[in-house]
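Enquirer: Got a structure for you, questions after.
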Amino acid sequence: MHLREGANILGLASPVVAVVGPTASGKSALAQELALRLAGEVVGADSMQVYRGMDIGTGKLRPDERKVPHHGIDLCEPDTAYSAALYQSYARECFRDIDSRCKRPVLCGGTGLYVRAALDGYEFPRGAHADNPAREKYMRIAEEEGADALWGMLDARDPESAALIHPNNIRRVVRAFEMLEEGKSYAQHNTQLQTIPQVVPAVFLGLAVEPSVLNARIDRRVDAMVEEGLVDEVAQLLARGFRTHITAPQAIGYKEIVGVLEGGAPLGEAVEKIKTATHRYAKRQRSWFRRDVRIHWLDADSGDIEKLFPQASSVLAKMDVVLEEA
């Protein structure tokens, strides 16, 4: 997974600084402060923040909170089937543009596949780039028969791939069927992903937070989202007709509130479900990133960005990346 000697397919003048880690670990704050001290701009790598109107529940920084230009957010409507392949092209174009203006790209996100798509030599199958008949076919099955039925079909046809995908992750189940239509296996492709070489120069900084500390931080964050208007945000998405599509209904924090608005579930119960689901998601993120030996881990238990800078500065200095004084 290491950068091949001379591998810099974008011809960047300086390496990307990538800030990764689980949700609520403080990535956005650190990435923004690093961008300030590196004369840089932030490129988000979050598969839900690409959607317009999904703001509070995805933890987007508000426009008035952004101290540097941010890319990778509000790219499309929630009824668009965005993908890692589309993100790869977008992120790399951002890197080129930022670098051409003598600025530093700072990649920030917790969607591991998006991070790797941007920086590693992953070649996506044809069907990953745009809508196709197979996607429409299996999405229709999911809408008519349900997520469990669709997953059951995959399990019968490709049990190895089904074992890697949660039945509720309709997008990934559909993606597995798309690959089968192309004569490929999601499971085999997933294995190959671990050996793909890096092709864009980058320094990786990871935020490590002790699980119990992180879970408490997640709980406070979810409570704050509800106070900031998460229920109204979901209601607006429903009013715009996004109830049955693959994005808002399945995103953590959105599907639970849909149950409140349409199913009469108690708000308090939904909030607890959001917290539990987010704890599990953070655990999966930790597992993903821990497998990547390129990441230099920073102790982020305190949640104090200023305490992270001596650690970040030490790592970056070894890569000839020097932070300016605040």
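Identifiers for the structure tokens are assigned positionally: chains receive A, B, ... in sequence, residues are indexed from 1 per chain, and ligands are indexed from 1 in the order shown.
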So which residues touch stretch 141-149 of chain A within 10 Å, counting only C-alpha atoms, skipping near sequence neighbours fewer than 5 positions away, as a ChimeraX atom specification?

Expert: /A:135-136,154-155,166-171,173-174,244-246

Enquirer: Could those selected residues go to a file with all heavy atoms, as a CSV table (one decimal), in the first residue's frame?

Expert:
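Writing the result to out_34.csv gives the following:
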```csv
chain,number,residue,atom,x,y,z
A,135,ARG,N,-28.3,-1.2,-12.0
A,135,ARG,CA,-28.6,-0.5,-10.8
A,135,ARG,C,-30.1,-0.2,-10.7
A,135,ARG,O,-30.7,-0.4,-9.6
A,135,ARG,CB,-27.8,0.8,-10.8
A,135,ARG,CG,-28.0,1.7,-9.6
A,135,ARG,CD,-27.1,2.9,-9.6
A,135,ARG,NE,-25.7,2.5,-9.7
A,135,ARG,CZ,-24.7,3.3,-10.0
A,135,ARG,NH1,-25.0,4.5,-10.4
A,135,ARG,NH2,-23.5,2.8,-10.1
A,136,GLU,N,-30.7,0.3,-11.8
A,136,GLU,CA,-32.1,0.6,-11.7
A,136,GLU,C,-33.0,-0.7,-11.4
A,136,GLU,O,-33.9,-0.6,-10.7
A,136,GLU,CB,-32.5,1.2,-13.1
A,136,GLU,CG,-31.9,2.5,-13.3
A,136,GLU,CD,-32.1,3.0,-14.7
A,136,GLU,OE1,-32.9,2.3,-15.5
A,136,GLU,OE2,-31.6,4.1,-15.1
A,154,LEU,N,-28.8,-11.8,-3.2
A,154,LEU,CA,-27.3,-11.8,-3.3
A,154,LEU,C,-26.7,-13.0,-2.6
A,154,LEU,O,-25.7,-13.6,-3.1
A,154,LEU,CB,-26.8,-10.5,-2.7
A,154,LEU,CG,-25.3,-10.3,-2.8
A,154,LEU,CD1,-24.8,-10.3,-4.2
A,154,LEU,CD2,-24.8,-9.0,-2.1
A,155,ASP,N,-27.2,-13.3,-1.4
A,155,ASP,CA,-26.6,-14.4,-0.6
A,155,ASP,C,-26.8,-15.7,-1.4
A,155,ASP,O,-25.9,-16.6,-1.4
A,155,ASP,CB,-27.4,-14.5,0.7
A,155,ASP,CG,-26.7,-15.5,1.7
A,155,ASP,OD1,-25.5,-15.5,1.7
A,155,ASP,OD2,-27.5,-16.3,2.3
A,166,HIS,N,-23.8,-5.6,5.0
A,166,HIS,CA,-25.0,-5.6,5.9
A,166,HIS,C,-26.2,-5.5,5.1
A,166,HIS,O,-26.3,-4.8,4.1
A,166,HIS,CB,-24.9,-4.4,6.9
A,166,HIS,CG,-25.9,-4.5,8.0
A,166,HIS,ND1,-27.3,-4.2,7.8
A,166,HIS,CD2,-25.8,-4.8,9.3
A,166,HIS,CE1,-27.9,-4.4,8.9
A,166,HIS,NE2,-27.0,-4.7,9.9
A,167,PRO,N,-27.3,-6.3,5.4
A,167,PRO,CA,-28.5,-6.3,4.6
A,167,PRO,C,-29.1,-5.0,4.4
A,167,PRO,O,-29.8,-4.7,3.4
A,167,PRO,CB,-29.4,-7.3,5.4
A,167,PRO,CG,-28.5,-8.2,6.1
A,167,PRO,CD,-27.3,-7.3,6.5
A,168,ASN,N,-29.0,-4.1,5.4
A,168,ASN,CA,-29.6,-2.7,5.2
A,168,ASN,C,-28.8,-1.8,4.3
A,168,ASN,O,-29.3,-0.7,4.0
A,168,ASN,CB,-29.7,-2.1,6.6
A,168,ASN,CG,-30.8,-2.8,7.5
A,168,ASN,OD1,-31.7,-3.4,6.9
A,168,ASN,ND2,-30.7,-2.6,8.8
A,169,ASN,N,-27.6,-2.2,3.9
A,169,ASN,CA,-26.8,-1.3,3.1
A,169,ASN,C,-27.2,-1.6,1.6
A,169,ASN,O,-26.4,-2.3,0.9
A,169,ASN,CB,-25.3,-1.6,3.3
A,169,ASN,CG,-24.4,-0.5,2.7
A,169,ASN,OD1,-24.8,0.2,1.8
A,169,ASN,ND2,-23.2,-0.4,3.3
A,170,ILE,N,-28.3,-1.1,1.2
A,170,ILE,CA,-28.8,-1.3,-0.1
A,170,ILE,C,-27.9,-0.9,-1.2
A,170,ILE,O,-27.7,-1.6,-2.2
A,170,ILE,CB,-30.2,-0.7,-0.3
A,170,ILE,CG1,-31.2,-1.3,0.7
A,170,ILE,CG2,-30.7,-0.8,-1.7
A,170,ILE,CD1,-32.6,-0.6,0.7
A,171,ARG,N,-27.3,0.3,-1.0
A,171,ARG,CA,-26.4,0.7,-2.1
A,171,ARG,C,-25.3,-0.3,-2.3
A,171,ARG,O,-24.9,-0.5,-3.5
A,171,ARG,CB,-25.8,2.1,-1.6
A,171,ARG,CG,-26.7,3.2,-1.7
A,171,ARG,CD,-26.0,4.5,-1.7
A,171,ARG,NE,-25.3,4.7,-0.4
A,171,ARG,CZ,-24.4,5.7,-0.1
A,171,ARG,NH1,-24.2,6.6,-1.1
A,171,ARG,NH2,-23.8,5.8,1.0
A,173,VAL,N,-25.3,-3.5,-1.6
A,173,VAL,CA,-25.8,-4.8,-2.1
A,173,VAL,C,-26.1,-4.6,-3.6
A,173,VAL,O,-25.7,-5.5,-4.5
A,173,VAL,CB,-27.1,-5.1,-1.4
A,173,VAL,CG1,-27.8,-6.3,-2.1
A,173,VAL,CG2,-26.9,-5.5,0.0
A,174,VAL,N,-26.6,-3.5,-4.0
A,174,VAL,CA,-26.9,-3.2,-5.4
A,174,VAL,C,-25.6,-3.1,-6.2
A,174,VAL,O,-25.5,-3.7,-7.3
A,174,VAL,CB,-27.7,-1.9,-5.6
A,174,VAL,CG1,-27.7,-1.4,-7.1
A,174,VAL,CG2,-29.1,-2.0,-5.1
A,244,THR,N,-38.2,7.7,-0.7
A,244,THR,CA,-37.9,6.4,-1.1
A,244,THR,C,-36.6,6.2,-1.8
A,244,THR,O,-36.2,5.1,-2.2
A,244,THR,CB,-39.0,5.9,-2.1
A,244,THR,OG1,-39.0,6.7,-3.2
A,244,THR,CG2,-40.4,5.9,-1.4
A,245,HIS,N,-35.8,7.2,-1.8
A,245,HIS,CA,-34.5,7.1,-2.5
A,245,HIS,C,-33.4,6.5,-1.6
A,245,HIS,O,-33.7,6.3,-0.4
A,245,HIS,CB,-34.0,8.4,-3.1
A,245,HIS,CG,-33.2,8.2,-4.3
A,245,HIS,ND1,-31.8,8.1,-4.3
A,245,HIS,CD2,-33.5,8.0,-5.6
A,245,HIS,CE1,-31.3,7.9,-5.5
A,245,HIS,NE2,-32.4,7.8,-6.3
A,246,ILE,N,-32.2,6.3,-2.1
A,246,ILE,CA,-31.2,5.4,-1.4
A,246,ILE,C,-30.4,6.2,-0.4
A,246,ILE,O,-29.6,5.6,0.3
A,246,ILE,CB,-30.3,4.7,-2.4
A,246,ILE,CG1,-29.6,5.8,-3.3
A,246,ILE,CG2,-31.1,3.8,-3.3
A,246,ILE,CD1,-28.6,5.2,-4.2
```

Enquirer: Using the chain letters and numbers from this document, which residues of stretch 16-260 of chain A does DSSP assign to strand (DSSP E), as a count of residues only?

Expert: 25

Enquirer: Any idea what's packed within 10 Å of A:Leu113, counting only C-alpha atoms, ignoring anything in its chain fewer than 4 positions away? Could you give it as a PDB file with N, CA and C atoms, in the first residue's frame?

Expert:
```pdb
ATOM      1  N   ALA A  45     -14.047  14.086   2.353  1.00  0.00           N
ATOM      2  CA  ALA A  45     -14.170  12.705   1.873  1.00  0.00           C
ATOM      3  C   ALA A  45     -15.226  12.007   2.719  1.00  0.00           C
ATOM      4  N   ASP A  46     -16.461  12.456   2.576  1.00  0.00           N
ATOM      5  CA  ASP A  46     -17.581  11.928   3.347  1.00  0.00           C
ATOM      6  C   ASP A  46     -18.717  11.610   2.375  1.00  0.00           C
ATOM      7  N   SER A  47     -19.137  10.363   2.345  1.00  0.00           N
ATOM      8  CA  SER A  47     -20.112   9.922   1.345  1.00  0.00           C
ATOM      9  C   SER A  47     -21.498  10.506   1.549  1.00  0.00           C
ATOM     10  N   SER A  83     -21.133   8.006  -6.164  1.00  0.00           N
ATOM     11  CA  SER A  83     -20.309   6.818  -5.961  1.00  0.00           C
ATOM     12  C   SER A  83     -18.865   7.192  -5.685  1.00  0.00           C
ATOM     13  N   ALA A  84     -18.097   6.203  -5.217  1.00  0.00           N
ATOM     14  CA  ALA A  84     -16.675   6.409  -4.979  1.00  0.00           C
ATOM     15  C   ALA A  84     -15.940   6.685  -6.275  1.00  0.00           C
ATOM     16  N   ALA A  85     -16.416   6.112  -7.378  1.00  0.00           N
ATOM     17  CA  ALA A  85     -15.786   6.363  -8.674  1.00  0.00           C
ATOM     18  C   ALA A  85     -15.951   7.823  -9.083  1.00  0.00           C
ATOM     19  N   TYR A  87     -16.470  10.243  -7.018  1.00  0.00           N
ATOM     20  CA  TYR A  87     -15.694  11.027  -6.066  1.00  0.00           C
ATOM     21  C   TYR A  87     -14.216  11.030  -6.430  1.00  0.00           C
ATOM     22  N   GLN A  88     -13.700   9.914  -6.892  1.00  0.00           N
ATOM     23  CA  GLN A  88     -12.292   9.828  -7.270  1.00  0.00           C
ATOM     24  C   GLN A  88     -11.943  10.908  -8.299  1.00  0.00           C
ATOM     25  N   ALA A 117      -9.899   5.946  -2.727  1.00  0.00           N
ATOM     26  CA  ALA A 117     -10.177   6.223  -4.135  1.00  0.00           C
ATOM     27  C   ALA A 117      -9.426   7.458  -4.602  1.00  0.00           C
ATOM     28  N   ALA A 118      -9.342   8.453  -3.729  1.00  0.00           N
ATOM     29  CA  ALA A 118      -8.684   9.703  -4.090  1.00  0.00           C
ATOM     30  C   ALA A 118      -7.180   9.545  -4.219  1.00  0.00           C
ATOM     31  N   ASP A 120      -5.223   6.345  -3.974  1.00  0.00           N
ATOM     32  CA  ASP A 120      -4.650   5.084  -4.421  1.00  0.00           C
ATOM     33  C   ASP A 120      -5.102   4.755  -5.846  1.00  0.00           C
ATOM     34  N   TYR A 122      -6.898   2.858  -7.525  1.00  0.00           N
ATOM     35  CA  TYR A 122      -8.058   1.983  -7.644  1.00  0.00           C
ATOM     36  C   TYR A 122      -8.794   2.277  -8.944  1.00  0.00           C
ATOM     37  N   LEU A 193      -8.565  -4.630  -3.126  1.00  0.00           N
ATOM     38  CA  LEU A 193      -8.451  -3.249  -2.657  1.00  0.00           C
ATOM     39  C   LEU A 193      -7.313  -3.084  -1.655  1.00  0.00           C
ATOM     40  N   TRP A 288     -11.445  -0.137   9.735  1.00  0.00           N
ATOM     41  CA  TRP A 288     -10.979   0.140   8.373  1.00  0.00           C
ATOM     42  C   TRP A 288      -9.623   0.849   8.404  1.00  0.00           C
TER      43      TRP A 288
END
```

Enquirer: Out of stretch 153-266 of chain A, which residues get alpha helix (DSSP H) from DSSP, as a PyMOL selection string?

Expert: chain A and resi 153-157+159-162+170-181+186-193+211-228+230-239+255-263

Enquirer: Kindly export the residues of the current selection with C-alpha atoms, as a short mmCIF file (atom, residue, chain, number, x, y, z; two decimals), in the first residue's frame.

Expert:
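That gives us result34.cif:
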```
data_model
loop_
_atom_site.label_atom_id
_atom_site.label_comp_id
_atom_site.auth_asym_id
_atom_site.auth_seq_id
_atom_site.Cartn_x
_atom_site.Cartn_y
_atom_site.Cartn_z
CA MET A 153 -31.00 -12.80 -3.54
CA LEU A 154 -27.33 -11.80 -3.30
CA ASP A 155 -26.65 -14.43 -0.63
CA ALA A 156 -28.09 -17.12 -2.89
CA ARG A 157 -26.04 -15.98 -5.88
CA PRO A 159 -22.62 -15.77 -0.56
CA GLU A 160 -19.00 -14.60 -0.14
CA SER A 161 -19.92 -11.06 -1.15
CA ALA A 162 -23.16 -11.10 0.83
CA ILE A 170 -28.84 -1.34 -0.09
CA ARG A 171 -26.37 0.74 -2.06
CA ARG A 172 -23.58 -1.78 -1.49
CA VAL A 173 -25.83 -4.78 -2.15
CA VAL A 174 -26.89 -3.18 -5.43
CA ARG A 175 -23.24 -2.48 -6.23
CA ALA A 176 -22.46 -6.18 -5.71
CA PHE A 177 -25.17 -7.09 -8.21
CA GLU A 178 -23.82 -4.54 -10.69
CA MET A 179 -20.43 -6.20 -10.45
CA LEU A 180 -21.94 -9.65 -10.93
CA GLU A 181 -23.59 -8.37 -14.10
CA TYR A 186 -17.55 -7.79 -4.86
CA ALA A 187 -15.69 -10.07 -2.43
CA GLN A 188 -12.74 -10.54 -4.78
CA HIS A 189 -12.68 -6.83 -5.55
CA ASN A 190 -12.67 -6.05 -1.83
CA THR A 191 -9.64 -8.31 -1.32
CA GLN A 192 -7.79 -6.66 -4.20
CA LEU A 193 -8.45 -3.25 -2.66
CA PRO A 211 -13.84 4.07 22.36
CA SER A 212 -15.68 5.04 25.56
CA VAL A 213 -14.52 8.65 25.18
CA LEU A 214 -15.57 8.67 21.54
CA ASN A 215 -19.00 7.18 22.30
CA ALA A 216 -19.65 9.86 24.91
CA ARG A 217 -18.62 12.49 22.37
CA ILE A 218 -20.94 10.94 19.78
CA ASP A 219 -23.85 11.03 22.24
CA ARG A 220 -23.32 14.73 22.92
CA ARG A 221 -23.06 15.40 19.21
CA VAL A 222 -26.33 13.60 18.45
CA ASP A 223 -28.12 15.56 21.19
CA ALA A 224 -26.75 18.77 19.70
CA MET A 225 -27.96 17.78 16.22
CA VAL A 226 -31.49 17.31 17.50
CA GLU A 227 -31.35 20.68 19.26
CA GLU A 228 -30.07 22.32 16.08
CA LEU A 230 -32.40 17.61 12.73
CA VAL A 231 -36.11 16.74 12.81
CA ASP A 232 -37.00 19.79 10.69
CA GLU A 233 -34.18 18.94 8.27
CA VAL A 234 -35.55 15.44 7.73
CA ALA A 235 -39.08 16.81 7.36
CA GLN A 236 -37.85 19.14 4.62
CA LEU A 237 -36.21 16.25 2.78
CA LEU A 238 -39.44 14.26 2.95
CA ALA A 239 -41.40 17.25 1.68
CA LYS A 255 -33.89 6.91 8.77
CA GLU A 256 -34.53 7.01 12.53
CA ILE A 257 -36.18 10.42 12.32
CA VAL A 258 -38.28 9.27 9.37
CA GLY A 259 -39.71 6.72 11.80
CA VAL A 260 -40.67 9.55 14.13
CA LEU A 261 -42.27 11.67 11.43
CA GLU A 262 -44.06 8.90 9.56
CA GLY A 263 -44.32 6.03 12.01
#
```

Enquirer: Which residue gives the smallest distance to A:Pro15 among A:Ala202, A:Ala251, A:Met319, A:Ile305, with only C-alpha atoms counted?

Expert: A:Ala202

Enquirer: Would you compute the distance between atom CA of A:Asp320 and atom CA of A:Asp99? Give it in Å to one decimal.

Expert: 16.5 Å

Enquirer: Can you measure atom CA of A:Val209 to atom CA of A:Ser25 for me? One decimal in Å is fine.

Expert: 6.5 Å

Enquirer: Can you work out which one of A:Leu207, A:Val42, A:Ala282, A:Tyr51 has the shortest atom-to-atom distance to A:Cys94, counting only C-alpha atoms?

Expert: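 Nearest candidate to A:Cys94 out of A:Leu207, A:Val42, A:Ala282, A:Tyr51: A:Val42.
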
Enquirer: To one decimal place, how far is atom CA of A:Leu119 from atom CA of A:Cys102 in Å?

Expert: 19.2 Å

Enquirer: Determine the nearest neighbour of A:Pro201 from the options A:Arg284, A:Arg294, A:Arg240, A:His71, counting only C-alpha atoms.

Expert: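 Of all the options, A:Arg294 lies closest to A:Pro201.
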
Enquirer: Go through A:Gly11, A:Pro69, A:Gly229, A:Gly21 one by one, measure the shortest atom-to-atom distance of each to A:Arg290 using only C-alpha atoms, and give the residue with the smallest value.

Expert: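 For A:Arg290, the nearest of the candidates is A:Gly21.
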
Enquirer: Which one of A:Ala91, A:Ala270, A:Leu86, A:Met139 sits closest to A:Val43 if you count only C-alpha atoms?

Expert: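 Using only C-alpha atoms, A:Val43 sits closest to A:Ala91.
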
Enquirer: Near A:Val16, counting only C-alpha atoms, which residues have an atom at most 7 Å away, once you skip same-chain residues fewer than 4 positions from it, shown as a PyMOL selection string?

Expert: chain A and resi 104-107+201-203

Enquirer: So which one's closest to A:Val200, A:Lys273, A:Arg96, A:Glu41, A:Trp151? Using only C-alpha atoms, please.

Expert: A:Arg96

Enquirer: Counting only C-alpha atoms, what is within 10 Å of stretch 28-36 of chain A, bar same-chain residues fewer than 2 positions away, as a PyMOL selection string?

Expert: chain A and resi 17-20+23-26+38-44+59-61+65-70+103-110+205+207+303-306+308-309+312-313+323-326

Enquirer: Could the residues in this selection be written to a file with C-alpha atoms, as a PDB file, in the first residue's frame?

Expert:
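Contents of part18.pdb, freshly written:
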```
ATOM      1  CA  VAL A  17      -2.266  16.051   3.906  1.00  0.00           C
ATOM      2  CA  ALA A  18      -4.956  13.474   4.728  1.00  0.00           C
ATOM      3  CA  VAL A  19      -6.802  13.669   8.070  1.00  0.00           C
ATOM      4  CA  VAL A  20      -8.792  10.508   8.781  1.00  0.00           C
ATOM      5  CA  THR A  23     -16.905  10.188  13.242  1.00  0.00           C
ATOM      6  CA  ALA A  24     -16.803  12.795  16.040  1.00  0.00           C
ATOM      7  CA  SER A  25     -13.037  12.406  16.463  1.00  0.00           C
ATOM      8  CA  GLY A  26     -12.373  16.033  15.513  1.00  0.00           C
ATOM      9  CA  LEU A  38      -0.462  25.357   5.340  1.00  0.00           C
ATOM     10  CA  ALA A  39      -2.126  27.937   3.093  1.00  0.00           C
ATOM     11  CA  GLY A  40      -4.416  25.130   2.061  1.00  0.00           C
ATOM     12  CA  GLU A  41      -7.979  24.176   1.240  1.00  0.00           C
ATOM     13  CA  VAL A  42     -10.057  21.283   2.590  1.00  0.00           C
ATOM     14  CA  VAL A  43     -11.389  18.506   0.364  1.00  0.00           C
ATOM     15  CA  GLY A  44     -14.045  16.497   2.198  1.00  0.00           C
ATOM     16  CA  GLY A  59     -22.033  17.123  10.630  1.00  0.00           C
ATOM     17  CA  LYS A  60     -21.201  19.655   7.919  1.00  0.00           C
ATOM     18  CA  LEU A  61     -19.524  22.828   9.049  1.00  0.00           C
ATOM     19  CA  GLU A  65     -17.737  28.213  10.395  1.00  0.00           C
ATOM     20  CA  ARG A  66     -15.512  27.622   7.367  1.00  0.00           C
ATOM     21  CA  LYS A  67     -12.248  29.525   7.687  1.00  0.00           C
ATOM     22  CA  VAL A  68     -10.825  28.193   4.405  1.00  0.00           C
ATOM     23  CA  PRO A  69     -12.434  27.028   1.134  1.00  0.00           C
ATOM     24  CA  HIS A  70     -14.095  23.620   1.464  1.00  0.00           C
ATOM     25  CA  LYS A 103      -2.158  25.904  -2.169  1.00  0.00           C
ATOM     26  CA  ARG A 104      -2.051  22.684  -0.147  1.00  0.00           C
ATOM     27  CA  PRO A 105      -4.853  20.101  -0.503  1.00  0.00           C
ATOM     28  CA  VAL A 106      -6.009  18.834   2.898  1.00  0.00           C
ATOM     29  CA  LEU A 107      -8.154  15.730   2.504  1.00  0.00           C
ATOM     30  CA  CYS A 108     -10.551  15.171   5.398  1.00  0.00           C
ATOM     31  CA  GLY A 109     -13.014  12.397   5.974  1.00  0.00           C
ATOM     32  CA  GLY A 110     -14.160   9.198   7.537  1.00  0.00           C
ATOM     33  CA  LEU A 205      -2.777  11.699  10.005  1.00  0.00           C
ATOM     34  CA  LEU A 207      -7.215  10.756  15.051  1.00  0.00           C
ATOM     35  CA  GLY A 303     -10.691  16.898  21.958  1.00  0.00           C
ATOM     36  CA  ASP A 304      -8.388  19.942  22.164  1.00  0.00           C
ATOM     37  CA  ILE A 305      -7.144  20.837  18.701  1.00  0.00           C
ATOM     38  CA  GLU A 306      -4.239  22.882  20.056  1.00  0.00           C
ATOM     39  CA  LEU A 308      -2.884  17.925  18.574  1.00  0.00           C
ATOM     40  CA  PHE A 309      -0.589  20.368  16.821  1.00  0.00           C
ATOM     41  CA  ALA A 312       0.799  16.717  13.904  1.00  0.00           C
ATOM     42  CA  SER A 313       3.712  19.090  13.448  1.00  0.00           C
ATOM     43  CA  LEU A 323       3.222  24.350   9.716  1.00  0.00           C
ATOM     44  CA  GLU A 324       3.141  28.117   9.979  1.00  0.00           C
ATOM     45  CA  GLU A 325       2.583  29.686  13.385  1.00  0.00           C
ATOM     46  CA  ALA A 326      -1.038  30.552  14.145  1.00  0.00           C
TER      47      ALA A 326
END
```

Enquirer: Find the residues near A:Gly121: any atom within 8 Å, counting only C-alpha atoms, skip ones fewer than 2 places away on the same chain, and give them as a list in words.

Expert: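 The residues that qualify are Ala117, Leu119, Glu123, Ile196, Pro197, Gln198 and Val199 of chain A.
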
Enquirer: Hey, can you spit out that residue selection with C-alpha atoms as an mmCIF file, in the first residue's frame?

Expert:
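Just written: result-v6.cif:
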```cif
data_model
loop_
_atom_site.group_PDB
_atom_site.id
_atom_site.type_symbol
_atom_site.label_atom_id
_atom_site.label_comp_id
_atom_site.auth_asym_id
_atom_site.auth_seq_id
_atom_site.Cartn_x
_atom_site.Cartn_y
_atom_site.Cartn_z
ATOM 1 C CA ALA A 117 -10.177 6.223 -4.135
ATOM 2 C CA LEU A 119 -5.119 8.667 -3.255
ATOM 3 C CA GLU A 123 -9.678 1.397 -11.048
ATOM 4 C CA ILE A 196 -3.663 -1.456 -4.545
ATOM 5 C CA PRO A 197 -0.663 0.929 -4.627
ATOM 6 C CA GLN A 198 -0.748 4.581 -3.689
ATOM 7 C CA VAL A 199 -0.444 6.893 -6.699
#
```
